[in-house]
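Coordinates from protein36.cif are shown below (mmCIF, C-alpha atoms).
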data_upload
#
loop_
_atom_site.group_PDB
_atom_site.id
_atom_site.type_symbol
_atom_site.label_atom_id
_atom_site.label_comp_id
_atom_site.auth_asym_id
_atom_site.auth_seq_id
_atom_site.Cartn_x
_atom_site.Cartn_y
_atom_site.Cartn_z
ATOM 1 C CA MET A 8 -6.789 -11.674 -53.088
ATOM 2 C CA ASN A 9 -5.049 -9.394 -55.592
ATOM 3 C CA LYS A 10 -4.460 -5.667 -55.289
ATOM 4 C CA GLN A 11 -7.440 -4.650 -57.421
ATOM 5 C CA LYS A 12 -9.867 -6.806 -55.434
ATOM 6 C CA TYR A 13 -8.445 -5.659 -52.128
ATOM 7 C CA LEU A 14 -8.821 -1.964 -52.986
ATOM 8 C CA GLU A 15 -12.351 -2.467 -54.285
ATOM 9 C CA ALA A 16 -13.405 -4.336 -51.166
ATOM 10 C CA LEU A 17 -11.795 -1.685 -48.958
ATOM 11 C CA LYS A 18 -13.621 1.062 -50.845
ATOM 12 C CA GLN A 19 -16.930 -0.744 -50.295
ATOM 13 C CA HIS A 20 -16.318 -1.001 -46.572
ATOM 14 C CA LEU A 21 -15.339 2.648 -46.269
ATOM 15 C CA THR A 22 -18.711 3.868 -47.552
ATOM 16 C CA GLY A 23 -19.861 6.716 -45.335
ATOM 17 C CA LEU A 24 -16.525 8.453 -44.992
ATOM 18 C CA PRO A 25 -15.963 11.720 -46.916
ATOM 19 C CA TYR A 26 -15.016 11.165 -50.545
ATOM 20 C CA ASP A 27 -11.563 12.788 -50.349
ATOM 21 C CA GLU A 28 -10.701 10.769 -47.273
ATOM 22 C CA ILE A 29 -11.559 7.530 -49.093
ATOM 23 C CA THR A 30 -9.438 8.600 -52.062
ATOM 24 C CA GLU A 31 -6.491 9.345 -49.802
ATOM 25 C CA ILE A 32 -6.740 6.033 -47.946
ATOM 26 C CA LEU A 33 -6.983 4.072 -51.209
ATOM 27 C CA SER A 34 -3.915 5.819 -52.589
ATOM 28 C CA ASP A 35 -1.980 5.079 -49.364
ATOM 29 C CA ILE A 36 -2.832 1.388 -49.653
ATOM 30 C CA GLN A 37 -2.098 1.360 -53.362
ATOM 31 C CA GLU A 38 1.327 2.814 -52.574
ATOM 32 C CA HIS A 39 1.805 0.104 -49.960
ATOM 33 C CA PHE A 40 1.076 -2.581 -52.544
ATOM 34 C CA GLU A 41 3.434 -1.032 -55.077
ATOM 35 C CA SER A 42 6.278 -0.645 -52.602
ATOM 36 C CA GLY A 43 5.834 -4.254 -51.526
ATOM 37 C CA MET A 44 5.830 -5.486 -55.090
ATOM 38 C CA ALA A 45 8.977 -3.464 -55.818
ATOM 39 C CA LYS A 46 10.563 -5.453 -52.962
ATOM 40 C CA GLY A 47 9.549 -8.661 -54.685
ATOM 41 C CA ARG A 48 6.451 -9.645 -52.736
ATOM 42 C CA THR A 49 3.373 -10.883 -54.524
ATOM 43 C CA GLU A 50 0.040 -9.039 -54.417
ATOM 44 C CA SER A 51 -1.633 -11.794 -52.469
ATOM 45 C CA GLU A 52 1.184 -11.951 -49.902
ATOM 46 C CA ILE A 53 0.851 -8.233 -49.281
ATOM 47 C CA ALA A 54 -2.928 -8.422 -49.108
ATOM 48 C CA GLU A 55 -2.745 -11.204 -46.548
ATOM 49 C CA ALA A 56 -0.267 -9.325 -44.354
ATOM 50 C CA LEU A 57 -2.487 -6.241 -44.410
ATOM 51 C CA GLY A 58 -5.391 -8.096 -42.822
ATOM 52 C CA THR A 59 -8.860 -8.325 -44.345
ATOM 53 C CA PRO A 60 -10.274 -5.185 -46.030
ATOM 54 C CA ARG A 61 -13.141 -5.289 -43.551
ATOM 55 C CA LEU A 62 -10.824 -5.147 -40.521
ATOM 56 C CA MET A 63 -8.690 -2.451 -42.100
ATOM 57 C CA ALA A 64 -11.804 -0.381 -42.861
ATOM 58 C CA LEU A 65 -13.015 -0.890 -39.302
ATOM 59 C CA GLY A 66 -9.728 0.478 -37.986
ATOM 60 C CA LEU A 67 -9.892 3.481 -40.280
ATOM 61 C CA MET A 68 -13.564 4.185 -39.537
ATOM 62 C CA THR A 69 -13.142 4.049 -35.758
ATOM 63 C CA GLN A 70 -10.153 6.368 -35.943
ATOM 64 C CA SER A 71 -12.062 9.016 -37.855
ATOM 65 C CA GLY A 72 -15.259 8.260 -35.915
ATOM 66 C CA MET A 73 -13.403 8.908 -32.676
ATOM 67 C CA GLN A 74 -12.342 12.299 -33.925
ATOM 68 C CA GLU A 75 -15.915 13.194 -34.825
ATOM 69 C CA ASP A 76 -17.098 12.278 -31.356
ATOM 70 C CA LYS A 77 -14.353 14.344 -29.789
ATOM 71 C CA ALA A 78 -15.247 17.337 -31.954
ATOM 72 C CA LYS A 79 -18.907 17.003 -30.992
ATOM 73 C CA THR A 80 -18.237 17.006 -27.274
ATOM 74 C CA VAL A 81 -16.083 20.057 -27.586
ATOM 75 C CA SER A 82 -18.468 22.077 -29.700
ATOM 76 C CA LYS A 83 -21.792 21.368 -28.020
ATOM 77 C CA GLY A 84 -20.845 19.528 -24.834
ATOM 78 C CA VAL A 85 -21.771 22.341 -22.465
ATOM 79 C CA SER A 86 -24.721 24.647 -23.065
ATOM 80 C CA VAL A 87 -24.531 28.294 -22.076
ATOM 81 C CA LEU A 88 -27.271 27.851 -19.474
ATOM 82 C CA ARG A 89 -25.409 24.981 -17.866
ATOM 83 C CA LEU A 90 -22.233 27.001 -17.850
ATOM 84 C CA TRP A 91 -24.038 29.778 -15.997
ATOM 85 C CA MET A 92 -25.459 27.344 -13.468
ATOM 86 C CA ILE A 93 -22.029 25.925 -12.818
ATOM 87 C CA PHE A 94 -20.596 29.402 -12.533
ATOM 88 C CA ILE A 95 -23.189 30.493 -9.981
ATOM 89 C CA GLY A 96 -23.025 27.186 -8.101
ATOM 90 C CA VAL A 97 -19.252 27.197 -7.833
ATOM 91 C CA GLY A 98 -19.214 30.911 -7.053
ATOM 92 C CA PHE A 99 -21.659 30.344 -4.198
ATOM 93 C CA THR A 100 -19.698 27.415 -2.862
ATOM 94 C CA ASN A 101 -16.557 29.512 -3.063
ATOM 95 C CA LEU A 102 -18.299 32.253 -1.104
ATOM 96 C CA LEU A 103 -18.978 29.757 1.696
ATOM 97 C CA VAL A 104 -15.720 27.879 1.532
ATOM 98 C CA LEU A 105 -13.325 30.762 1.102
ATOM 99 C CA PRO A 106 -13.756 32.284 4.608
ATOM 100 C CA LEU A 107 -13.492 28.781 6.029
ATOM 101 C CA PHE A 108 -10.203 28.298 4.203
ATOM 102 C CA ILE A 109 -8.892 31.635 5.375
ATOM 103 C CA GLY A 110 -9.832 30.693 8.938
ATOM 104 C CA ILE A 111 -8.143 27.326 8.689
ATOM 105 C CA ALA A 112 -5.066 28.887 7.105
ATOM 106 C CA GLY A 113 -4.918 31.309 10.059
ATOM 107 C CA VAL A 114 -5.094 28.471 12.562
ATOM 108 C CA ILE A 115 -2.351 26.591 10.698
ATOM 109 C CA PHE A 116 -0.137 29.633 10.697
ATOM 110 C CA GLY A 117 -0.774 30.154 14.423
ATOM 111 C CA LEU A 118 0.115 26.552 15.165
ATOM 112 C CA PHE A 119 3.247 26.884 13.088
ATOM 113 C CA VAL A 120 4.418 29.909 15.061
ATOM 114 C CA THR A 121 3.575 28.105 18.315
ATOM 115 C CA ILE A 122 5.695 25.151 17.295
ATOM 116 C CA LEU A 123 8.606 27.439 16.450
ATOM 117 C CA ALA A 124 8.239 29.153 19.854
ATOM 118 C CA LEU A 125 8.195 25.807 21.664
ATOM 119 C CA TYR A 126 11.368 24.682 19.879
ATOM 120 C CA PHE A 127 12.970 27.973 20.816
ATOM 121 C CA SER A 128 11.979 27.585 24.474
ATOM 122 C CA GLY A 129 13.359 24.053 24.536
ATOM 123 C CA GLY A 130 16.635 25.291 23.117
ATOM 124 C CA MET A 131 16.856 28.086 25.672
ATOM 125 C CA LEU A 132 16.160 25.647 28.540
ATOM 126 C CA ILE A 133 18.987 23.423 27.347
ATOM 127 C CA ILE A 134 21.524 26.238 27.296
ATOM 128 C CA ALA A 135 20.176 27.825 30.517
ATOM 129 C CA PRO A 136 23.038 26.544 32.758
ATOM 130 C CA VAL A 137 25.588 28.003 30.312
ATOM 131 C CA LEU A 138 23.762 31.324 30.311
ATOM 132 C CA LYS A 139 23.699 31.298 34.088
ATOM 133 C CA MET A 140 27.458 30.765 34.174
ATOM 134 C CA ILE A 141 27.976 33.730 31.829
ATOM 135 C CA SER A 142 25.785 36.008 33.869
ATOM 136 C CA ALA A 143 23.778 34.904 36.907
ATOM 137 C CA SER A 144 21.206 37.661 36.425
ATOM 138 C CA LEU A 145 20.206 36.304 32.962
ATOM 139 C CA VAL A 146 18.489 33.231 34.379
ATOM 140 C CA SER A 147 16.162 33.140 37.319
ATOM 141 C CA THR A 148 14.927 29.639 37.984
ATOM 142 C CA GLY A 149 12.894 30.083 41.143
ATOM 143 C CA PRO A 150 12.795 26.880 43.191
ATOM 144 C CA ILE A 151 13.903 24.600 40.308
ATOM 145 C CA PRO A 152 17.576 23.605 40.340
ATOM 146 C CA VAL A 153 19.292 25.013 37.224
ATOM 147 C CA MET A 154 20.765 21.678 36.155
ATOM 148 C CA LEU A 155 17.221 20.269 35.772
ATOM 149 C CA LEU A 156 16.388 22.817 33.048
ATOM 150 C CA PRO A 157 18.178 21.039 30.155
ATOM 151 C CA VAL A 158 16.209 17.866 30.971
ATOM 152 C CA LEU A 159 12.975 19.841 30.776
ATOM 153 C CA GLY A 160 14.253 21.408 27.545
ATOM 154 C CA ILE A 161 14.891 18.025 25.937
ATOM 155 C CA ALA A 162 11.464 16.800 27.036
ATOM 156 C CA LEU A 163 9.893 19.930 25.597
ATOM 157 C CA ILE A 164 11.674 19.538 22.260
ATOM 158 C CA TYR A 165 10.710 15.892 22.111
ATOM 159 C CA GLY A 166 7.052 16.778 22.756
ATOM 160 C CA THR A 167 7.172 19.598 20.238
ATOM 161 C CA ARG A 168 8.639 17.249 17.666
ATOM 162 C CA ARG A 169 5.592 15.004 18.118
ATOM 163 C CA LEU A 170 3.297 17.978 17.697
ATOM 164 C CA HIS A 171 5.287 19.069 14.665
ATOM 165 C CA ILE A 172 4.839 15.706 12.933
ATOM 166 C CA ALA A 173 1.091 15.702 13.595
ATOM 167 C CA PHE A 174 0.939 19.286 12.364
ATOM 168 C CA ASN A 175 2.734 18.387 9.132
ATOM 169 C CA ILE A 176 0.273 15.610 8.380
ATOM 170 C CA ILE A 177 -2.755 17.799 9.018
ATOM 171 C CA ALA A 178 -1.372 20.764 7.124
ATOM 172 C CA LYS A 179 -0.451 18.614 4.139
ATOM 173 C CA ARG A 180 -3.915 17.090 3.998
ATOM 174 C CA LEU A 181 -5.627 20.459 4.248
ATOM 175 C CA PHE A 182 -3.330 21.817 1.593
ATOM 176 C CA SER A 183 -4.164 18.985 -0.803
ATOM 177 C CA TYR A 184 -7.912 19.429 -0.180
ATOM 178 C CA GLY A 185 -7.516 23.116 -0.902
ATOM 179 C CA LEU A 186 -5.636 22.344 -4.079
ATOM 180 C CA LYS A 187 -8.249 19.830 -5.202
ATOM 181 C CA PHE A 188 -11.044 22.269 -4.546
ATOM 182 C CA THR A 189 -9.302 25.046 -6.430
ATOM 183 C CA LYS A 190 -8.701 22.709 -9.354
ATOM 184 C CA PHE A 191 -12.321 21.609 -9.311
ATOM 185 C CA SER A 192 -13.589 25.186 -9.294
ATOM 186 C CA TRP A 193 -11.250 26.066 -12.115
ATOM 187 C CA GLN A 194 -12.353 23.122 -14.230
ATOM 188 C CA ALA A 195 -16.021 23.705 -13.533
ATOM 189 C CA LEU A 196 -15.620 27.269 -14.695
ATOM 190 C CA GLY A 197 -14.348 26.009 -18.036
ATOM 191 C CA GLY A 198 -10.593 26.129 -17.554
ATOM 192 C CA LYS A 199 -8.612 23.048 -18.424
ATOM 193 C CA MET B 25 1.186 -10.433 -27.443
ATOM 194 C CA ASN B 26 -1.916 -8.858 -25.975
ATOM 195 C CA ILE B 27 -3.732 -6.781 -28.624
ATOM 196 C CA GLN B 28 -4.598 -3.705 -26.523
ATOM 197 C CA PHE B 29 -1.070 -3.578 -25.199
ATOM 198 C CA LYS B 30 0.354 -3.761 -28.682
ATOM 199 C CA LYS B 31 -1.916 -0.965 -29.934
ATOM 200 C CA GLY B 32 -0.694 1.485 -27.343
ATOM 201 C CA ILE B 33 2.925 0.587 -27.861
ATOM 202 C CA LEU B 34 2.618 0.774 -31.641
ATOM 203 C CA GLU B 35 2.065 4.525 -31.534
ATOM 204 C CA TYR B 36 5.227 4.971 -29.471
ATOM 205 C CA CYS B 37 7.168 2.768 -31.903
ATOM 206 C CA VAL B 38 5.985 4.704 -34.958
ATOM 207 C CA LEU B 39 6.791 8.065 -33.343
ATOM 208 C CA SER B 40 10.229 6.819 -32.316
ATOM 209 C CA LEU B 41 11.069 5.514 -35.778
ATOM 210 C CA LEU B 42 10.006 8.846 -37.250
ATOM 211 C CA ALA B 43 12.181 10.615 -34.694
ATOM 212 C CA GLN B 44 15.153 8.834 -36.265
ATOM 213 C CA LYS B 45 14.258 9.588 -39.877
ATOM 214 C CA ASN B 46 11.315 10.385 -42.132
ATOM 215 C CA CYS B 47 9.747 7.222 -43.505
ATOM 216 C CA TYR B 48 7.144 6.199 -46.046
ATOM 217 C CA GLY B 49 4.282 3.924 -45.039
ATOM 218 C CA TYR B 50 5.631 0.644 -46.330
ATOM 219 C CA GLU B 51 9.025 1.355 -44.787
ATOM 220 C CA LEU B 52 7.478 1.919 -41.365
ATOM 221 C CA VAL B 53 5.426 -1.243 -41.628
ATOM 222 C CA ASN B 54 8.547 -3.162 -42.581
ATOM 223 C CA LEU B 55 10.714 -1.736 -39.806
ATOM 224 C CA ILE B 56 8.116 -2.715 -37.229
ATOM 225 C CA SER B 57 7.056 -6.082 -38.589
ATOM 226 C CA GLU B 58 10.707 -7.119 -38.659
ATOM 227 C CA HIS B 59 10.562 -7.180 -34.854
ATOM 228 C CA MET B 60 6.943 -7.746 -33.911
ATOM 229 C CA GLU B 61 4.097 -9.669 -35.363
ATOM 230 C CA ILE B 62 1.511 -7.100 -36.439
ATOM 231 C CA SER B 63 -1.289 -6.998 -38.920
ATOM 232 C CA GLU B 64 0.345 -4.591 -41.350
ATOM 233 C CA GLY B 65 -2.949 -2.845 -41.982
ATOM 234 C CA THR B 66 -3.066 -1.435 -38.445
ATOM 235 C CA ILE B 67 -0.305 1.072 -39.198
ATOM 236 C CA TYR B 68 -2.361 3.068 -41.686
ATOM 237 C CA PRO B 69 -5.259 3.978 -39.388
ATOM 238 C CA LEU B 70 -2.654 4.916 -36.774
ATOM 239 C CA LEU B 71 -0.789 7.162 -39.240
ATOM 240 C CA ARG B 72 -4.030 8.878 -40.206
ATOM 241 C CA ARG B 73 -4.811 9.589 -36.586
ATOM 242 C CA LEU B 74 -1.327 10.932 -35.913
ATOM 243 C CA LYS B 75 -1.776 13.239 -38.890
ATOM 244 C CA ALA B 76 -5.233 14.349 -37.764
ATOM 245 C CA ASP B 77 -3.765 15.109 -34.326
ATOM 246 C CA SER B 78 -0.971 17.134 -36.013
ATOM 247 C CA LEU B 79 1.791 14.922 -34.645
ATOM 248 C CA VAL B 80 3.012 14.186 -38.175
ATOM 249 C CA THR B 81 2.857 15.876 -41.560
ATOM 250 C CA THR B 82 3.260 14.236 -44.949
ATOM 251 C CA TYR B 83 4.985 15.123 -48.175
ATOM 252 C CA LEU B 84 5.425 13.358 -51.503
ATOM 253 C CA GLU B 85 8.811 12.381 -52.845
ATOM 254 C CA GLU B 86 9.780 10.678 -56.077
ATOM 255 C CA SER B 87 11.243 7.191 -55.765
ATOM 256 C CA SER B 88 13.643 5.419 -58.085
ATOM 257 C CA ASP B 89 11.573 2.239 -58.283
ATOM 258 C CA GLY B 90 7.947 3.207 -58.632
ATOM 259 C CA PRO B 91 5.426 5.985 -58.079
ATOM 260 C CA PRO B 92 6.065 8.914 -55.683
ATOM 261 C CA ARG B 93 5.958 7.990 -52.025
ATOM 262 C CA LYS B 94 4.168 9.668 -49.173
ATOM 263 C CA TYR B 95 6.693 10.390 -46.437
ATOM 264 C CA TYR B 96 5.754 10.981 -42.823
ATOM 265 C CA GLN B 97 7.602 13.557 -40.741
ATOM 266 C CA LEU B 98 7.215 14.463 -37.066
ATOM 267 C CA THR B 99 5.906 17.938 -36.279
ATOM 268 C CA GLU B 100 7.273 19.871 -33.339
ATOM 269 C CA ARG B 101 4.359 18.604 -31.291
ATOM 270 C CA GLY B 102 5.104 15.099 -32.530
ATOM 271 C CA ILE B 103 8.664 15.413 -31.255
ATOM 272 C CA GLU B 104 7.400 16.571 -27.870
ATOM 273 C CA VAL B 105 4.935 13.696 -27.615
ATOM 274 C CA GLN B 106 7.631 11.212 -28.640
ATOM 275 C CA GLN B 107 9.953 12.453 -25.899
ATOM 276 C CA GLU B 108 7.156 12.373 -23.345
ATOM 277 C CA ASN B 109 6.245 8.822 -24.402
ATOM 278 C CA GLU B 110 9.870 7.794 -24.184
ATOM 279 C CA SER B 111 10.370 8.911 -20.605
ATOM 280 C CA GLN B 112 7.016 7.402 -19.625
ATOM 281 C CA TRP B 113 7.862 4.129 -21.297
ATOM 282 C CA LEU B 114 11.295 3.967 -19.682
ATOM 283 C CA SER B 115 9.985 4.473 -16.169
ATOM 284 C CA PHE B 116 6.987 2.222 -16.833
ATOM 285 C CA SER B 117 9.053 -0.659 -18.182
ATOM 286 C CA LYS B 118 11.529 -0.251 -15.347
ATOM 287 C CA SER B 119 8.725 -0.545 -12.795
ATOM 288 C CA VAL B 120 7.216 -3.553 -14.529
ATOM 289 C CA ASN B 121 10.590 -5.288 -14.610
ATOM 290 C CA ARG B 122 11.142 -4.512 -10.963
ATOM 291 C CA ILE B 123 7.772 -6.055 -10.102
ATOM 292 C CA CYS B 124 7.842 -9.036 -12.403
ATOM 293 C CA MET B 125 11.460 -10.073 -12.188
ATOM 294 C CA PRO B 126 12.869 -11.304 -8.903
ATOM 295 C CA LYS B 127 15.979 -9.717 -7.436
ATOM 296 C CA GLY B 128 18.969 -10.086 -9.689
ATOM 297 C CA GLY B 129 16.619 -9.588 -12.552
ATOM 298 C CA SER B 130 17.916 -11.867 -15.261
ATOM 299 C CA HIS B 131 15.729 -14.434 -16.951
ATOM 300 C CA GLU B 132 17.833 -17.099 -18.533
#
What would the structure in this file look like if it were written as structure tokens?
Amino acid sequence: MNKQKYLEALKQHLTGLPYDEITEILSDIQEHFESGMAKGRTESEIAEALGTPRLMALGLMTQSGMQEDKAKTVSKGVSVLRLWMIFIGVGFTNLLVLPLFIGIAGVIFGLFVTILALYFSGGMLIIAPVLKMISASLVSTGPIPVMLLPVLGIALIYGTRRLHIAFNIIAKRLFSYGLKFTKFSWQALGGK
Amino acid sequence: MNIQFKKGILEYCVLSLLAQKNCYGYELVNLISEHMEISEGTIYPLLRRLKADSLVTTYLEESSDGPPRKYYQLTERGIEVQQENESQWLSFSKSVNRICMPKGGSHE
């Protein structure tokens, strides 16, 4: 197929696209032919390497067709009424979920402080004998021998560590749910 | 090579070549087809899309051996997308190699 035939066939297959777009495409391909010929290739070699005019047109049409579709979804994808319904729906859900989140956040914070306190107690138990040596009145152990306290302290820290790990997992999960929900609300309200 | 795979990679290749220097259509086609087997016609739809998405702009320049040529140039957004693609491609290809090639990694 020579250059002339190729361009004519391509033009035929591009019917339906805007006139100026067709003109531009044809001039691009014409330029391609001329550059190739300047490099010493024959018209039919170039035409063959380009692929059939039908396939080329198909590629060009789907590219510009895809853009049209995209533009359509953006411009009339969401009606005003639907936007309002989403707004009210999400707003209502937020009204229910928000206090729940605040409650859960409170519990998490409480647990966090508890864990800190438990670690602190464990630490104090471990150093209790030292404290007692410094000043006997600092530590009153009741019936428990003072050298047993560090053992209790280590046990307490070990237990708290377990609690801490469980707490981390739960807190992380809740945090990611919260994040997802916030994202969802944001998107539903038209943000991107 | 798998056609869908090639299509996705082609965009990255074109952007990367344009990141090195501004090219005209035939030049781009040539630079790519030197290394991979492509239907040369697939570059032009791709270039039109890149232009429609404002990743490239075009300008005409006289040539010594023929009519003026349409040169393609990356926009600022095009440069950003190219860099994004590059880091994605690097980590992606690294992962694929790690999965597909056994330890030691070299295929003889």
For the file shown, report as an mmCIF file with C-alpha atoms, in the coordinates of the input the outcome of the PyMOL selection byres ((chain B) within 6 of (chain A)) at residue level.
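So the final result, stored in result_12.cif, reads:
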data_model
loop_
_atom_site.group_PDB
_atom_site.id
_atom_site.type_symbol
_atom_site.label_atom_id
_atom_site.label_comp_id
_atom_site.auth_asym_id
_atom_site.auth_seq_id
_atom_site.Cartn_x
_atom_site.Cartn_y
_atom_site.Cartn_z
ATOM 1 C CA TYR B 50 5.631 0.644 -46.330
ATOM 2 C CA SER B 63 -1.289 -6.998 -38.920
ATOM 3 C CA GLU B 64 0.345 -4.591 -41.350
ATOM 4 C CA GLY B 65 -2.949 -2.845 -41.982
ATOM 5 C CA PRO B 69 -5.259 3.978 -39.388
#
| task | List, as a VMD selection string, every residue that the PyMOL selection byres ((chain B and resi 56) around 12) selects in the file provided. | result | chain B and resid 30 33 to 42 47 49 to 55 57 to 64 66 to 67
| message | Since I can't run it myself right now, could you work out what the PyMOL selection byres ((chain B and resi 74) around 10) selects here and report it as a PyMOL selection string? | response | (chain A and resi 70) or (chain B and resi 35+38-39+68-73+75-81+96+98+102)
| request: Show which residues sit within 10 Å of Phe127 of chain A, as an NGL selection string. Count only C-alpha atoms, and ignore same-chain residues fewer than 6 positions away. | output: :A and (121 or 133 or 160 or 163-164)
| Expressed in Å to a single decimal, how great is the separation between atom CA of Ser147 of chain A and atom CA of Ile134 of chain A? | 13.3 Å
Output as AutoDock Vina command-line options the centre and edge lengths (Å, one decimal) of the box along x, y and z of the file that holds every listed atom of segment 53-70 of chain B after adding 4 Å on each side.
--center_x 2.7 --center_y -2.4 --center_z -38.2 --size_x 24.0 --size_y 22.6 --size_z 16.7
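From atom CA of Leu84 of chain B back to atom CA of Met8 of chain A, the distance works out to 27.9 Å.
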